[in-house]
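> Next up is a structure, given as C-alpha cells.
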Amino acid sequence: MSLLSDDETDRLRELLADELPADVRLIHFTERETGPAEVAVTASAEASDADDAQDADDATCPSCADTESLLRELVATNEHLDLEVHDVAGEPALAEEFEIERVPATLIAGPGAQGSLRVFGLPSGYEFATLLEDLIDVSSGVDDLSAEAHEALDNLDREVHLQVFVTPTCPHCPSAARTAHKLAMASPRVTADVIVANDFPELAERYDVTAVPKVVIDDERGFVGALPEDEFVAAVFDSA
C-alpha cells in the first residue's frame, strides 16, 4: 500500500516540477533480514507480500520499511531525484564510510550540499515538509543564510556535529531542523543530523530529550526550542 495518496503524489509532482534545477541523491541505509539481494525490489512489490509485512513487524527496525517506501514514492515524482538503497548488514564497510550507526538513515547529496545532511528515522508529518525544502535547497544551491552566518562558517576551524531531535507532530521542529541543515549545506565542516526521536527512544533518553526540538552540539551542550537563525548560529559557534 502506498504511503502517499494519489492527490499528494500529484501535488508533489507539481511542487517539484520547477524547483529542482539539478540532480539530488538520496543515499539511504536500511536494514533487511533478506540482505542486499533485495535492494532492487520495489516498495509496491514488498507491500503486496504478506510475508514481507510480517517480517517488517518482527524486524529490529520497525520504521525501515515505511521509510524506504516513502522515499521510493517521493523520487518517482521527479526525474532529478535519485535514490540509492543500501542494507547495512550486507554493506557494513559502506555504512562505516558514511558513519551510519543507526537506521533508517538518509543522506542528502547534491550541488548545494558542502557538508553532511542526514535524516535518521521516518520523515513523516511536519518533517516530510522539512525533507522537501532540503531537496529544493540542495538542488538549487541556495541556503538563504545571513551574511553573518556565512562569515561565521567561513571562519570555522574545526568539525561541528549537530543533532536535532524532532517529532513528526511538532510544528516548531522544522525551523530548527532546517537551520541545522542549512549550516551543513554551507560548510564542509558541519554535519547536521535530524533525528526523529520516536524512532530512537534510547538515543533520545541518552540525550535527555524531554521536549523538542532539542539541538545537541558536539555531544557537549545544546538548547531546546526553535531559535531564530542568529541565536542558533551564536549557540553553535559559542561551542566551537
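Starting from 1 in every chain, residues are counted up; chains themselves are A, B, ... following the order of the C-alpha cells, and ligands are numbered from 1 as listed.
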Which residues are near region 104-113 of chain A? Cut-off 9 Å, only C-alpha atoms, ignore same chain within fewer than 3 positions. Put them as a PyMOL selection string.

chain A and resi 22-31+61+63-65+67-68+98+100-101+116-122+134-135+137-143+181-182+184-188+199

> Neighbouring residues of Gln163 (chain A) were defined as those with any atom within 9 Å, considering only C-alpha atoms; residues of the same chain fewer than 2 positions away were excluded. Please report them as a ChimeraX atom specification.

/A:161,165,177,180,191-195,214-219

> From a backbone DSSP assignment, name each residue in region 3-175 of chain A labelled strand (DSSP E), as a PyMOL selection string.

chain A and resi 24-30+81-87+105-109+116-120+160-166

> Convert the current residue selection to file output with N, CA, C and O atoms, as a compact mmCIF listing (two decimals), in the first residue's frame.


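Output file out17.txt is given in full below:
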# COMPACT_ATOMS: atom_id res chain seq x y z
N VAL A 24 19.59 15.55 -7.28
CA VAL A 24 19.82 15.34 -5.85
C VAL A 24 19.81 13.84 -5.58
O VAL A 24 18.91 13.12 -6.06
N ARG A 25 20.80 13.37 -4.84
CA ARG A 25 20.89 11.95 -4.47
C ARG A 25 20.43 11.76 -3.04
O ARG A 25 20.87 12.48 -2.14
N LEU A 26 19.58 10.79 -2.86
CA LEU A 26 19.21 10.34 -1.52
C LEU A 26 19.92 9.00 -1.30
O LEU A 26 19.60 8.01 -1.96
N ILE A 27 20.88 9.00 -0.40
CA ILE A 27 21.64 7.78 -0.11
C ILE A 27 21.05 7.20 1.17
O ILE A 27 21.23 7.76 2.25
N HIS A 28 20.35 6.11 1.01
CA HIS A 28 19.52 5.59 2.11
C HIS A 28 20.09 4.27 2.64
O HIS A 28 20.38 3.35 1.87
N PHE A 29 20.22 4.19 3.94
CA PHE A 29 20.67 2.97 4.60
C PHE A 29 19.50 2.39 5.39
O PHE A 29 18.82 3.10 6.12
N THR A 30 19.32 1.08 5.23
CA THR A 30 18.20 0.41 5.87
C THR A 30 18.67 -0.92 6.42
O THR A 30 19.85 -1.28 6.35
N LEU A 81 15.48 13.48 -8.93
CA LEU A 81 15.70 12.80 -7.65
C LEU A 81 16.15 11.37 -7.90
O LEU A 81 15.56 10.65 -8.72
N ASP A 82 17.21 10.98 -7.20
CA ASP A 82 17.75 9.63 -7.35
C ASP A 82 17.91 9.00 -5.97
O ASP A 82 18.37 9.65 -5.03
N LEU A 83 17.50 7.75 -5.86
CA LEU A 83 17.56 7.04 -4.57
C LEU A 83 18.50 5.85 -4.67
O LEU A 83 18.36 5.01 -5.55
N GLU A 84 19.46 5.81 -3.76
CA GLU A 84 20.32 4.64 -3.59
C GLU A 84 19.95 3.98 -2.27
O GLU A 84 19.91 4.66 -1.24
N VAL A 85 19.70 2.69 -2.30
CA VAL A 85 19.34 1.98 -1.08
C VAL A 85 20.41 0.95 -0.75
O VAL A 85 20.82 0.16 -1.60
N HIS A 86 20.88 1.00 0.51
CA HIS A 86 21.94 0.10 0.95
C HIS A 86 21.51 -0.59 2.25
O HIS A 86 20.96 0.05 3.15
N ASP A 87 21.77 -1.89 2.31
CA ASP A 87 21.47 -2.67 3.50
C ASP A 87 22.71 -2.68 4.39
O ASP A 87 23.79 -3.09 3.96
N ALA A 105 18.51 5.63 7.84
CA ALA A 105 19.31 6.84 7.70
C ALA A 105 19.32 7.27 6.25
O ALA A 105 19.49 6.44 5.36
N THR A 106 19.13 8.57 6.03
CA THR A 106 19.09 9.09 4.67
C THR A 106 20.01 10.30 4.56
O THR A 106 19.88 11.25 5.33
N LEU A 107 20.95 10.24 3.63
CA LEU A 107 21.86 11.35 3.36
C LEU A 107 21.38 12.08 2.11
O LEU A 107 20.96 11.45 1.13
N ILE A 108 21.45 13.41 2.16
CA ILE A 108 21.02 14.24 1.04
C ILE A 108 22.26 14.84 0.40
O ILE A 108 23.00 15.60 1.03
N ALA A 109 22.50 14.50 -0.86
CA ALA A 109 23.70 14.95 -1.55
C ALA A 109 23.33 15.62 -2.87
O ALA A 109 22.45 15.17 -3.59
N SER A 116 27.52 17.52 5.50
CA SER A 116 26.73 16.29 5.54
C SER A 116 25.35 16.57 6.12
O SER A 116 25.22 16.98 7.28
N LEU A 117 24.32 16.34 5.31
CA LEU A 117 22.93 16.48 5.74
C LEU A 117 22.34 15.08 5.86
O LEU A 117 22.29 14.33 4.89
N ARG A 118 21.88 14.74 7.06
CA ARG A 118 21.37 13.39 7.29
C ARG A 118 20.04 13.44 8.03
O ARG A 118 19.80 14.33 8.85
N VAL A 119 19.20 12.47 7.72
CA VAL A 119 17.92 12.30 8.42
C VAL A 119 17.88 10.89 8.96
O VAL A 119 18.05 9.92 8.19
N PHE A 120 17.66 10.75 10.24
CA PHE A 120 17.53 9.44 10.87
C PHE A 120 16.09 9.24 11.31
O PHE A 120 15.56 10.01 12.09
N VAL A 160 32.09 20.40 13.26
CA VAL A 160 30.95 20.61 14.16
C VAL A 160 29.89 19.56 13.84
O VAL A 160 29.56 19.32 12.67
N HIS A 161 29.36 18.94 14.88
CA HIS A 161 28.32 17.93 14.72
C HIS A 161 27.06 18.40 15.44
O HIS A 161 27.05 18.62 16.65
N LEU A 162 26.00 18.57 14.67
CA LEU A 162 24.70 18.99 15.21
C LEU A 162 23.73 17.82 15.14
O LEU A 162 23.62 17.14 14.12
N GLN A 163 23.01 17.60 16.24
CA GLN A 163 21.94 16.61 16.27
C GLN A 163 20.66 17.33 16.69
O GLN A 163 20.59 17.90 17.78
N VAL A 164 19.66 17.29 15.83
CA VAL A 164 18.39 17.97 16.10
C VAL A 164 17.32 16.90 16.29
O VAL A 164 16.95 16.20 15.35
N PHE A 165 16.84 16.78 17.50
CA PHE A 165 15.79 15.82 17.81
C PHE A 165 14.43 16.44 17.53
O PHE A 165 14.13 17.55 18.00
N VAL A 166 13.61 15.72 16.78
CA VAL A 166 12.31 16.21 16.36
C VAL A 166 11.26 15.11 16.53
O VAL A 166 11.59 13.95 16.77

> Using only C-alpha atoms, which residues sit within 12 Å of Ala147 (chain A) once same-chain residues fewer than 6 positions away are excluded, as a list of chain:residue names?

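The filter keeps A:Leu153, A:Asp154, A:Ala186, A:Glu229, A:Asp230, A:Val233.
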
> Now that the selection is made, can you save its residues with C-alpha atoms as a CSV table (one decimal), in the first residue's frame?


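Okay, this is what ended up in out_33.csv:
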chain,number,residue,atom,x,y,z
A,153,LEU,CA,31.0,29.4,8.8
A,154,ASP,CA,33.9,30.6,6.7
A,186,ALA,CA,27.1,26.0,3.6
A,229,GLU,CA,18.8,32.0,13.0
A,230,ASP,CA,21.2,34.5,14.7
A,233,VAL,CA,24.3,30.3,15.0

> Do you have the CA of Glu127 (chain A)-CA of Pro174 (chain A) distance handy?

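If I compute the distance from CA of Glu127 (chain A) to CA of Pro174 (chain A), I get 6.3 Å.
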
> To test your reading of the structure, identify every residue in region 90-121 of chain A that backbone DSSP assigns to helix (DSSP H, G or I), and report it as a VMD selection string.

chain A and resid 92 to 97

> The selected residues should be written to file as a short mmCIF file (atom, residue, chain, number, x, y, z; two decimals), in the first residue's frame (atoms: all heavy atoms).


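Saved result, out-v1.cif, follows:
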data_model
loop_
_atom_site.label_atom_id
_atom_site.label_comp_id
_atom_site.auth_asym_id
_atom_site.auth_seq_id
_atom_site.Cartn_x
_atom_site.Cartn_y
_atom_site.Cartn_z
N PRO A 92 28.45 -3.40 5.28
CA PRO A 92 28.94 -2.76 6.51
C PRO A 92 30.07 -1.76 6.27
O PRO A 92 30.17 -0.75 6.97
CB PRO A 92 29.42 -3.93 7.36
CG PRO A 92 29.70 -5.04 6.38
CD PRO A 92 28.69 -4.86 5.30
N ALA A 93 30.93 -2.02 5.28
CA ALA A 93 32.03 -1.10 5.01
C ALA A 93 31.51 0.24 4.52
O ALA A 93 32.03 1.30 4.90
CB ALA A 93 32.98 -1.71 3.98
N LEU A 94 30.47 0.20 3.68
CA LEU A 94 29.89 1.45 3.17
C LEU A 94 29.21 2.22 4.31
O LEU A 94 29.33 3.45 4.39
CB LEU A 94 28.90 1.15 2.06
CG LEU A 94 28.35 2.37 1.31
CD1 LEU A 94 29.46 3.09 0.58
CD2 LEU A 94 27.25 1.94 0.34
N ALA A 95 28.51 1.48 5.17
CA ALA A 95 27.87 2.13 6.31
C ALA A 95 28.91 2.79 7.20
O ALA A 95 28.71 3.91 7.70
CB ALA A 95 27.06 1.11 7.10
N GLU A 96 30.05 2.13 7.38
CA GLU A 96 31.12 2.72 8.19
C GLU A 96 31.70 3.94 7.51
O GLU A 96 32.01 4.94 8.18
CB GLU A 96 32.22 1.68 8.42
CG GLU A 96 33.35 2.17 9.32
CD GLU A 96 34.39 1.10 9.58
OE1 GLU A 96 34.23 -0.03 9.11
OE2 GLU A 96 35.38 1.41 10.29
N GLU A 97 31.84 3.89 6.20
CA GLU A 97 32.38 5.03 5.45
C GLU A 97 31.51 6.27 5.64
O GLU A 97 32.02 7.39 5.79
CB GLU A 97 32.47 4.68 3.97
CG GLU A 97 32.94 5.83 3.08
CD GLU A 97 32.90 5.48 1.61
OE1 GLU A 97 32.86 4.27 1.27
OE2 GLU A 97 32.91 6.42 0.78
#

> May I have the residues within 9 Å of Leu70 (chain A) as a list of chain:residue names, using only C-alpha atoms and disregarding those fewer than 3 positions away in the same chain?

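The neighbour list is A:Ser2, A:Leu3, A:Leu4, A:Ala43, A:Ala65, A:Asp66, A:Thr67, A:Glu73, A:Leu74, A:Val75, A:Leu122, A:Pro123, A:Ser124.
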
> Just to confirm, what's the straight-line distance from CA of Ala211 (chain A) to CA of Val224 (chain A) in Å (one decimal)?

7.0 Å
